[in-house]
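Engineer: My questions all concern the structure below.
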Amino acid sequence: MQNVDVLLGLQWGDEGKGKLVDILSPAYDIIARFQGGPNAGHTLIFNGKKHVLHTIPSGIFRDTIINLIGNGVVIDPLVLINEIKNIEQQGIEVKNRLLISKRAHLILPSHRWLDAASEALKGKNKIGSTLKGIGPAYMDKTGRNGLRIGDIELPDFQDKFNQLYQKHLQLLKYYNWTEINENQIKEWFESIEYLKQLQLVDGEHYLNSAINQGKKILAEGAQGTLLDIDFGTYPFVTSSNTITAGACTGLGVSPNKIGNVIGIFKAYCTRVGSGPFPTELHDDIGEKIRQTGKEFGSTTGRPRRTGWLDLPALKYAIQINGVQELIMMKADVLSNLDTIKICTHYHYQNQVIDHLPYNLNDNTVSPIYQELKGWQKDISQCKTKRQLPKALLKYIDFIQETTGVKISYLSVGPDREQIIKLN
């Protein structure tokens, strides 16, 4: 019974997963977020309003759908509660349709301080952390020191907290970090009391029971494949597994329950923070894409780096995830360009290759491009495939032929209505 479909990003994040989950969610009973933390920013636009989610799954605006935060997620209670209150202010019921796995780990204020201290120490070698405490929280998880959501119900929770907090203070002394704010600890404990009012569940038991009842589940990823801790552009990556396999460990469902794997990518590439980016544009075209596409982080506000579509990287992401269906976002952003380039191969160590090599980090890779004619037409009002310009259809065909996977949907604007079914 393959009742769990997976939807994830195939680039360096920011592909538009939130919008797609919102669009696809009516076909599902449960939307389950399986990894990451509040560094994720899933933007949804409908009825002319912009909504940004950081921890809550993107099905929360659909009143018939249950949303589960899985065990693979790290949760900052302060961020989560602010998010809940913001949604409730819009007249949307949250508590009845939000579940949290007791196995999900907690982010403490001291995790955020450690994040900032560690990044400051790296100087020019910093990785571009969002400073949300996510890396240190995952380090405590793998170091078997972490606090979990289920711990807040235990009588010795305060003792567990004190033990971890004292460890953090010792580490901060090593970093010579003095910006310690005890008020944040007080606010954090207030938010823990609020958390106790929410529906805390054994997530893996809940989901497997739902699967046995024939319910449909969509596993929602955060960040993107090229930021995966194992398969991304290490060390410039996130601290969790962003790939399909992460849905199994991040939710407690077995691999044989995974059905369709849907991969999302932009018609071009973007990246936030440090790290390799073979097709990056440092010219007027790169800036034009940034401004037209409003490429600024929904969580951090940082300007995103922009570049041409990278097919070796896309094929790699498709292979790692077992993608069966592609969705292309932001084709409208490229509408005013005469010529569009696509990277088809790399020059690497005196060879021409068409795959992602182990090391992208030392400028050993240079892209080889194919040029295609731009479509130079506003497509934001197009409703059907027939209305799309021929040059755009050629661009789509080229990607499908190279990757061997069909593009099923094309996004032509930010609103939930601006989507065209292709296949």
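Following the order of the structure tokens, first chain is A, next is B, and so on, with residues numbered from 1 inside each chain and ligands from 1 in the order they appear.
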I'd like the contact shell of range 262-271 of chain A - 8 Å cut-off, only C-alpha atoms, skipping same-chain residues fewer than 4 positions apart - returned as a PyMOL selection string.
Structural biologist: chain A and resi 5-17+277+279-280+295+304-310+318+323-331+334
Engineer: Put those residues in a file: C-alpha atoms, as a CSV table (one decimal), in the first residue's frame.
Structural biologist:
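Once everything was written out, this is part-v6.csv:
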```
chain,number,residue,atom,x,y,z
A,5,ASP,CA,3.9,10.6,-1.9
A,6,VAL,CA,7.0,12.8,-1.4
A,7,LEU,CA,7.4,16.4,-2.7
A,8,LEU,CA,10.8,18.0,-2.4
A,9,GLY,CA,13.2,20.5,-3.9
A,10,LEU,CA,15.8,19.6,-6.4
A,11,GLN,CA,18.1,22.6,-6.2
A,12,TRP,CA,19.5,24.6,-3.2
A,13,GLY,CA,16.0,25.3,-1.7
A,14,ASP,CA,13.6,28.1,-2.4
A,15,GLU,CA,12.0,26.2,-5.3
A,16,GLY,CA,8.4,27.0,-4.4
A,17,LYS,CA,7.5,23.9,-2.4
A,277,PHE,CA,27.4,27.5,-7.7
A,279,THR,CA,26.2,28.5,-13.3
A,280,GLU,CA,26.1,31.7,-11.1
A,295,GLU,CA,14.9,36.4,-5.1
A,304,ARG,CA,19.8,35.1,-3.4
A,305,ARG,CA,22.6,34.3,-5.8
A,306,THR,CA,21.1,33.6,-9.3
A,307,GLY,CA,22.3,31.6,-12.3
A,308,TRP,CA,21.3,29.5,-15.3
A,309,LEU,CA,19.6,26.1,-15.0
A,310,ASP,CA,22.2,23.4,-14.2
A,318,ILE,CA,16.4,13.3,-9.9
A,323,VAL,CA,11.9,11.5,-9.0
A,324,GLN,CA,9.0,10.3,-11.2
A,325,GLU,CA,7.4,13.7,-11.9
A,326,LEU,CA,8.8,17.2,-12.3
A,327,ILE,CA,7.3,20.6,-11.6
A,328,MET,CA,8.9,23.7,-13.1
A,329,MET,CA,8.5,27.0,-11.2
A,330,LYS,CA,9.1,30.6,-12.1
A,331,ALA,CA,9.2,30.3,-15.9
A,334,LEU,CA,12.7,34.5,-17.7
```
Engineer: Where does DSSP see alpha helix (DSSP H) in range 33-233 of chain A, if you list the residues as a ChimeraX atom specification?
Structural biologist: /A:77-88,109-122,134-142,157-174,182-195,203-212
Engineer: At a cut-off of 12 Å, using only C-alpha atoms, what residues contact Pro26 in chain A? Leave out same-chain residues fewer than 5 positions from it and give the result as a short mmCIF file (atom, residue, chain, number, x, y, z; two decimals) with C-alpha atoms, in the first residue's frame.
Structural biologist:
```
data_model
loop_
_atom_site.label_atom_id
_atom_site.label_comp_id
_atom_site.auth_asym_id
_atom_site.auth_seq_id
_atom_site.Cartn_x
_atom_site.Cartn_y
_atom_site.Cartn_z
CA LEU A 20 2.86 23.36 -4.65
CA VAL A 21 1.96 21.61 -1.40
CA ILE A 31 0.55 16.74 4.97
CA SER A 58 1.89 23.98 3.96
CA GLY A 59 -1.51 22.26 4.07
CA ILE A 60 -2.57 24.28 7.13
CA PHE A 61 -4.75 26.65 5.05
CA ARG A 62 -6.96 23.76 3.84
CA ASP A 63 -9.61 23.06 6.48
CA THR A 64 -10.05 19.32 5.78
CA ILE A 65 -6.36 18.39 6.06
CA ILE A 66 -4.33 17.24 9.07
CA LYS A 216 -3.22 9.54 1.50
CA ILE A 217 -0.15 11.32 2.88
CA LEU A 218 2.07 13.94 1.25
#
```
Engineer: Got a sec to tell me which of range 68-99 of chain A DSSP assigns to strand (DSSP E), as a list in words?
Structural biologist: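 Residues of range 68-99 of chain A classed as strand (DSSP E): Leu68, Ile69, Val74, Ile75, Leu98 and Leu99 of chain A.
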Engineer: Just want the 9 Å neighbourhood of range 372-379 of chain A, counted on only C-alpha atoms, with same-chain residues fewer than 3 positions away dropped. Output as a PyMOL selection string.
Structural biologist: chain A and resi 331-332+334-342+382-383+387-392+394-395+412-413
Engineer: With N, CA and C atoms kept, could you save the residues just selected as a CSV table (one decimal), in the first residue's frame?
Structural biologist:
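In the end it all went to again-v3.csv:
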```csv
chain,number,residue,atom,x,y,z
A,331,ALA,N,8.9,30.1,-14.5
A,331,ALA,CA,9.2,30.3,-15.9
A,331,ALA,C,8.9,31.7,-16.3
A,332,ASP,N,8.0,32.4,-15.7
A,332,ASP,CA,7.6,33.8,-16.0
A,332,ASP,C,8.8,34.7,-15.8
A,334,LEU,N,11.8,34.4,-16.6
A,334,LEU,CA,12.7,34.5,-17.7
A,334,LEU,C,12.1,35.1,-19.0
A,335,SER,N,10.9,35.6,-18.8
A,335,SER,CA,10.1,36.0,-20.0
A,335,SER,C,10.7,37.1,-20.9
A,336,ASN,N,11.5,38.0,-20.3
A,336,ASN,CA,12.0,39.1,-21.0
A,336,ASN,C,13.4,39.0,-21.6
A,337,LEU,N,13.9,37.7,-21.6
A,337,LEU,CA,15.3,37.5,-22.1
A,337,LEU,C,15.3,37.1,-23.5
A,338,ASP,N,16.2,37.7,-24.3
A,338,ASP,CA,16.4,37.3,-25.7
A,338,ASP,C,16.9,35.8,-25.9
A,339,THR,N,17.9,35.5,-25.1
A,339,THR,CA,18.5,34.2,-25.1
A,339,THR,C,18.6,33.6,-23.7
A,340,ILE,N,18.4,32.3,-23.6
A,340,ILE,CA,18.5,31.6,-22.3
A,340,ILE,C,19.5,30.5,-22.5
A,341,LYS,N,20.3,30.4,-21.5
A,341,LYS,CA,21.4,29.4,-21.5
A,341,LYS,C,21.0,28.3,-20.5
A,342,ILE,N,21.4,27.0,-20.9
A,342,ILE,CA,21.2,25.9,-20.0
A,342,ILE,C,22.6,25.2,-19.9
A,382,CYS,N,-1.4,33.1,-18.8
A,382,CYS,CA,-1.7,31.9,-19.6
A,382,CYS,C,-2.4,30.9,-18.7
A,383,LYS,N,-3.4,30.2,-19.2
A,383,LYS,CA,-4.1,29.2,-18.4
A,383,LYS,C,-4.0,27.8,-18.9
A,387,GLN,N,-1.6,28.1,-24.8
A,387,GLN,CA,-1.4,29.5,-24.8
A,387,GLN,C,0.1,29.8,-24.6
A,388,LEU,N,0.9,28.8,-24.3
A,388,LEU,CA,2.3,29.1,-24.0
A,388,LEU,C,3.1,29.3,-25.3
A,389,PRO,N,4.1,30.2,-25.3
A,389,PRO,CA,4.9,30.4,-26.5
A,389,PRO,C,5.7,29.2,-26.9
A,390,LYS,N,6.0,29.0,-28.2
A,390,LYS,CA,6.7,27.9,-28.7
A,390,LYS,C,8.1,27.7,-28.1
A,391,ALA,N,8.8,28.9,-27.9
A,391,ALA,CA,10.1,28.9,-27.4
A,391,ALA,C,10.2,28.3,-26.0
A,392,LEU,N,9.1,28.6,-25.2
A,392,LEU,CA,9.1,28.0,-23.8
A,392,LEU,C,8.8,26.5,-23.9
A,394,LYS,N,9.8,24.6,-26.2
A,394,LYS,CA,11.0,24.0,-26.6
A,394,LYS,C,12.0,23.8,-25.4
A,395,TYR,N,12.0,24.8,-24.6
A,395,TYR,CA,12.8,24.8,-23.3
A,395,TYR,C,12.4,23.7,-22.4
A,412,VAL,N,3.4,29.8,-13.6
A,412,VAL,CA,3.6,31.0,-14.4
A,412,VAL,C,3.4,32.3,-13.6
A,413,GLY,N,3.4,32.2,-12.2
A,413,GLY,CA,3.3,33.3,-11.4
A,413,GLY,C,3.2,32.9,-9.9
```
Engineer: Which residue, A:Gly232, A:Thr403, A:Gly273, A:Ile420, has the smallest gap to Asn359 in chain A when you use only C-alpha atoms?
Structural biologist: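 The closest residue to Asn359 in chain A is A:Gly232.
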Engineer: Rounded to one decimal place, report the CA of Asp202 in chain A-CA of Lys141 in chain A distance in Å.
Structural biologist: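 Computing it gives 17.8 Å between the two atoms.
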Engineer: So, counting only C-alpha atoms, which residue among A:Ala313, A:Ala137, A:Ile396, A:Met1 is closest to Ser239 in chain A?
Structural biologist: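 Of all the options, A:Ala137 lies closest to Ser239 in chain A.
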